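Notes for the one structure printed next.
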4 protein chains.
Amino acid sequence: MPTPRATEATTRALISEMLSLFYEKGWVAGTGGGICAGLDADRFLMAPTGVHKERVQPSDLFIVDRRGGEILRTPKNKTLRLSECSTIFCLLINQRGAGSVMHSHGLSSVLAGDLAGKSDRVVFHGLEMLKGIRGLSNIDRHAVPVIQNTPREPELVGQIKTAIEHPDFAKAHCILVKDHGAYIWGADLWETKRHAEVYHFLFEAMVARADRR
Amino acid sequence: MPTPRATEATTRALISEMLSLFYEKGWVAGTGGGICAGLDADRFLMAPTGVHKERVQPSDLFIVDRRGGEILRTPKNKTLRLSECSTIFCLLINQRGAGSVMHSHGLSSVLAGDLAGKSDRVVFHGLEMLKGIRGLSNIDRHAVPVIQNTPREPELVGQIKTAIEHPDFAKAHCILVKDHGAYIWGADLWETKRHAEVYHFLFEAMVARADRR
Amino acid sequence: MPTPRATEATTRALISEMLSLFYEKGWVAGTGGGICAGLDADRFLMAPTGVHKERVQPSDLFIVDRRGGEILRTPKNKTLRLSECSTIFCLLINQRGAGSVMHSHGLSSVLAGDLAGKSDRVVFHGLEMLKGIRGLSNIDRHAVPVIQNTPREPELVGQIKTAIEHPDFAKAHCILVKDHGAYIWGADLWETKRHAEVYHFLFEAMVARADRR
Amino acid sequence: MPTPRATEATTRALISEMLSLFYEKGWVAGTGGGICAGLDADRFLMAPTGVHKERVQPSDLFIVDRRGGEILRTPKNKTLRLSECSTIFCLLINQRGAGSVMHSHGLSSVLAGDLAGKSDRVVFHGLEMLKGIRGLSNIDRHAVPVIQNTPREPELVGQIKTAIEHPDFAKAHCILVKDHGAYIWGADLWETKRHAEVYHFLFEAMVARADRR
C-alpha cells in the first residue's frame, strides 16, 4: 500500500480522498481541519483554508516550500487561500521529519484534551492500539503534549516548538490543542492515516474510561 | 465552492444533496426537518413537508416569495405540501439576511436545548469551532436563544421575532427550540451547511462536557 | 413518495432496500430483525429468517396469507425459511390495520425497554418528534407497551394481543419487547419507515435523558 | 447466502469485502485487526499484517496450511507479511472447528473486557441477540473468556489454549483480550460475520448497561 515514490497526481488524489474520509469520521467539519503531504524532498502539497474539506479537489491544493512555507504554486481557483496551519505543518515537517500532517477537529480530540486538566499532557497506556504508533509497544506509557489554544493558529507555534523539543514527547506523533483538536503526523500519507486512526481510538478509549470512573 | 450566481438547476440539485447529507447525519429523520435556499433576490426554493427528506428530488421543491412566503410555483407532484416552516424561514430571510435556512431535528440539538434549564439561552465558549460561525472568534462567549416549543410551527414566530431582535443574540445564526430542534442559517447554502456542522459540533461538545461533570 | 398501488416488483425492491437501510442504522444485525409489507388486500411479502438481512434480495421474499399466515409462495431459493415473526406480523396486520411491520433489534430499543423497570410501559413526552407518529401531537404523553421476552417469538403472541387491545395503547404503533427489541408498524412501508425513524429517535432521546439524570 | 463450496475467487473477494465492512464498523482500524477463512479442508486464506485492512485486495491474501500455519503461497506483492495472528487463527481452526476467524480491535470489545475486572470472564445474559450465537438460546448465561494482553500476539497462545479447553467456555465463539480486542469465529465466513455482529452488540449492550448503573 505505501508507494515508494508516488506521482504528484496520485498524491493529489489521495489527499482529496483522505479529506473525504476524515469528514465521514467527523475529524474535519464546518470547513475546519486540514492536511498536507510531501511531493518531493523540497515541496509539499497543502489543502486550502475555509472550504468544505470533503469537497477539496486534487486541483485545489497549494504547492509549498518545505523550509519556509512559501507558496510555490497556487491552485487555478484564485479564490482559495492557504491554510493558516502552514507554519505549524512546516515546523513538524522540518523538526520531526513528518512527511504528512493532518489537523483534526474531532470531538474526541477536544474531550481528550479536557482530561489533561492543568497538566501539559495526557498519557495513554494499557491499549494494544498503541502499537499502531511508530516506535511504540502496547506496554508503553505514551505521553502526548497538550497545549493551550490561541486566537490564531500561527500563535500556537511557540508552544508547539517547546512541546516537540521536550524529551518526554520524543515518540509523540500528535499534539493536542485544548478546546481545539490535534495535529497528527507520520512519515507519509499512509502512516498519517494510520496514526490518525490510532490516536482517535486512543482519545475515544480514554474518554470512555474516564467517563465511566 | 460558493457559487457567485448558481443556476436554478444547480440550487435545486444542491438542496436535494444537502437533505441526503443531513439525513445521514441524523439531522432530518422521520420526515421531520427542512431546508430553503434563495433562488434570486425575490424568490426562495423550499422543501415540501411530510416527506422522507433524503428522497426529495430537485423537482419536488416549491418556489416561494421571500417577502410574504406565498407559493409562486408548486412542484409537478401535486400531492406535495409546503412546509409549515415557511413563515419562520421568511422571517429569518427578511430580518436576518439569511440566504438559506435549515431546520434540524437532530438529537444533539434537543439535548443541548435541555441544558438551558429555565434560561432563555445556552452559551457556547472554549471551542475553536466557534470560528466556524460568521463573525465569531474562538474566545467569544456565544449566546444562542432557546425558545419553548409549541404545538404548531407557525406559533413559534412570536418567540423567534423576540429572539432575533434581542441584542444578545445579534451574532447567533441559530435558534434552539426546546424538545424540538434548531433553525440554523447562513448567507447561502454553503454557509448554512458550514453553520449546521459547526452548531451540531457545539451541541455535542456541550452535551458531552455537561454529562461528564 | 407513497405509491397508491405499488407493483409487486416495486414492493419487493423496496423491502430489500429498507433492510439495507435498517442494517446501516443498526436496527437489524446478526441476521436478527425482519420486515413485511402488504402486496394486496389478501397477501403479504415477508423476509426470510436466519439470513443476513441487508443482503436479502427481492426474490428472497415469501408471499403469505394475511389471515392465517400460511405461505402462499416460497422463494426460489428453497433453503430459505419463513421468519418466526409471521404470527406476530399477521396479528398486527389483522388487529391493528398494519400494512407493513418492521422488527428491530436496535440497541436503543433494548435500552429503552430497560427503562420500563417493572412497569408494563414507557411513556414518551416532551418531544416534537412525537408528531411523526400518526395521530399524535407534540404535547401528547405517548404510552408504548413493554412486554417480557420469551424463548420463542411465537410465544410473545399472548402478551402482544393483550397489549394491542389495551385502551392505553390505542395510538401506539410500537411494542417494545424487553431485552429484545421492538415491533413497529404503519399503514404502508413508507409509514413504517417513518415510524421506525421516529420511535428509534424517541428511544435514544429517552435513554440519553435518563442517563443524564 | 451460505455457499456450500465457494470458489477461491469468491472467498478472496468476500474476505476483502468483510474487511471493508469491519473498517466501517470500527472493528479494524489503524492497520489493526484481521481475518482468515477456509479455502478447502487443508488450507486457509489469511490477510496480511501492517496494512490498511479496508484496502486489502483479493490478491493480497496468503494461503496457509491449516495444521501448522505454514505459508503455502504468498501474494504477488512481496512486501506483504503474514499476520502474527496466524498461530491463534490455526489454534481456533484446529481445536474449535472454526472455518473462519476475525480479530476485532473495536472499542466496545476493549470496554467490555474492562468490565471483567479481575475475573477471567464476562457473562452475557438477558439479551435476545444471544440467539445469534450458534447453540445458544436467549435465556442462557453465556460466559466468554477474558485473557490478559501480552506484548506479542503469539504469546497469547497459552492463555487461549487454556480458555478454549475450559468447559465453561464450550459454547463461546469469542475470546476477549483485555486492552486489546476480541477473536471471534464461526463455521464459515458468514457465520463469523453473524457472530461478529452479535458479539459487538453484546459488548455495546453490556457497556451501556454498566455505565448506567
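Just so we're on the same page: first chain in the C-alpha cells is A, next is B, and so on; residues restart at 1 for each chain, and ligands are numbered from 1 in the order they show up.
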
Could you list, with a cut-off of 6 Å and counting only C-alpha atoms, the residues of chain A near chain B, each shown with its nearest atom pair and the distance in Å rounded to one decimal, rows sorted by chain and ascending number, as a Markdown table?
| residue | atom | partner | partner_atom | distance |
| --- | --- | --- | --- | --- |
| A:Gly30 | CA | B:Arg194 | CA | 4.3 |
| A:Asp179 | CA | B:Leu127 | CA | 4.7 |
| A:His180 | CA | B:Glu128 | CA | 4.7 |

Take the residues just selected and output them with all heavy atoms as a PDB file, in the first residue's frame.
ATOM      1  N   GLY A  30     -17.292  21.583   9.112  1.00  0.00           N
ATOM      2  CA  GLY A  30     -17.505  23.030   9.213  1.00  0.00           C
ATOM      3  C   GLY A  30     -16.351  23.807   8.608  1.00  0.00           C
ATOM      4  O   GLY A  30     -16.046  24.904   9.066  1.00  0.00           O
ATOM      5  N   ASP A 179      -9.471  22.523  23.606  1.00  0.00           N
ATOM      6  CA  ASP A 179     -10.668  23.174  23.052  1.00  0.00           C
ATOM      7  C   ASP A 179     -10.633  23.274  21.534  1.00  0.00           C
ATOM      8  O   ASP A 179     -11.436  23.994  20.945  1.00  0.00           O
ATOM      9  CB  ASP A 179     -10.847  24.605  23.610  1.00  0.00           C
ATOM     10  CG  ASP A 179     -10.924  24.635  25.119  1.00  0.00           C
ATOM     11  OD1 ASP A 179     -11.438  23.659  25.693  1.00  0.00           O
ATOM     12  OD2 ASP A 179     -10.461  25.622  25.715  1.00  0.00           O
ATOM     13  N   HIS A 180      -9.704  22.596  20.922  1.00  0.00           N
ATOM     14  CA  HIS A 180      -9.471  22.829  19.501  1.00  0.00           C
ATOM     15  C   HIS A 180      -9.373  21.524  18.703  1.00  0.00           C
ATOM     16  O   HIS A 180     -10.194  21.276  17.826  1.00  0.00           O
ATOM     17  CB  HIS A 180      -8.192  23.667  19.377  1.00  0.00           C
ATOM     18  CG  HIS A 180      -7.823  24.055  17.982  1.00  0.00           C
ATOM     19  ND1 HIS A 180      -7.107  25.182  17.683  1.00  0.00           N
ATOM     20  CD2 HIS A 180      -8.037  23.447  16.791  1.00  0.00           C
ATOM     21  CE1 HIS A 180      -6.918  25.280  16.369  1.00  0.00           C
ATOM     22  NE2 HIS A 180      -7.475  24.236  15.812  1.00  0.00           N
TER      23      HIS A 180
END

Neighbouring residues of B:Pro75 were defined as those with any atom within 6 Å, considering only C-alpha atoms; residues of the same chain fewer than 6 positions away were excluded. Please report them as a PyMOL selection string. chain B and resi 60-62

Alpha helix (DSSP H) per DSSP on the backbone: members of stretch 7-200 of chain C, as a ChimeraX atom specification: /C:8-24,86-96,107-114,157-165,189-200

Which residues, written as an MDAnalysis selection string, have at least one atom at most 12 Å from C:Ile184, with only C-alpha atoms counted and residues fewer than 2 positions away on the same chain left out? chainID C and resid 27 33:36 88:89 92:93 96 98:106 109 133 144:145 172:177 181:182 186:189 191:200

Selection: 12 Å around A:Ser119, only C-alpha atoms, excl. self and same-chain fewer than 4 positions, as a PDB file with C-alpha atoms, in the first residue's frame:
ATOM      1  CA  GLY A 113      -7.624  17.429  25.770  1.00  0.00           C
ATOM      2  CA  ASP A 114     -10.104  18.287  28.534  1.00  0.00           C
ATOM      3  CA  LEU A 115      -8.791  15.315  30.519  1.00  0.00           C
ATOM      4  CA  VAL A 123      -0.671   9.715  28.986  1.00  0.00           C
ATOM      5  CA  ALA A 143       2.802  10.925  26.692  1.00  0.00           C
ATOM      6  CA  VAL A 144       1.194  13.334  24.246  1.00  0.00           C
ATOM      7  CA  PRO A 145       1.613  17.091  24.785  1.00  0.00           C
ATOM      8  CA  VAL A 146      -1.472  19.218  25.419  1.00  0.00           C
ATOM      9  CA  ILE A 147      -1.084  22.917  24.649  1.00  0.00           C
ATOM     10  CA  GLN A 148      -3.391  25.888  25.193  1.00  0.00           C
ATOM     11  CA  LYS A 178      -7.134  22.278  24.161  1.00  0.00           C
TER      12      LYS A 178
END

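Using only C-alpha atoms, the contacts of D:Leu19 at a cut-off of 8 Å, with sequence neighbours closer than 4 positions omitted, comprise Ile15, Tyr23, Val28, Gly34, Ile35, Lys53, Glu54, Arg55 and Val56 of chain D.
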
Determine which residues of chain D receive a DSSP assignment of strand (DSSP E or B), computed from the backbone, and state them as an MDAnalysis selection string. chainID D and resid 34:38 43:46 48:49 62:65 71:73 81:82 100:104 121:124 142:147 174:177 181:186

Interatomic distance, atom CA of A:Val64 to atom CA of A:Ser20 (Å, one decimal): 21.9 Å
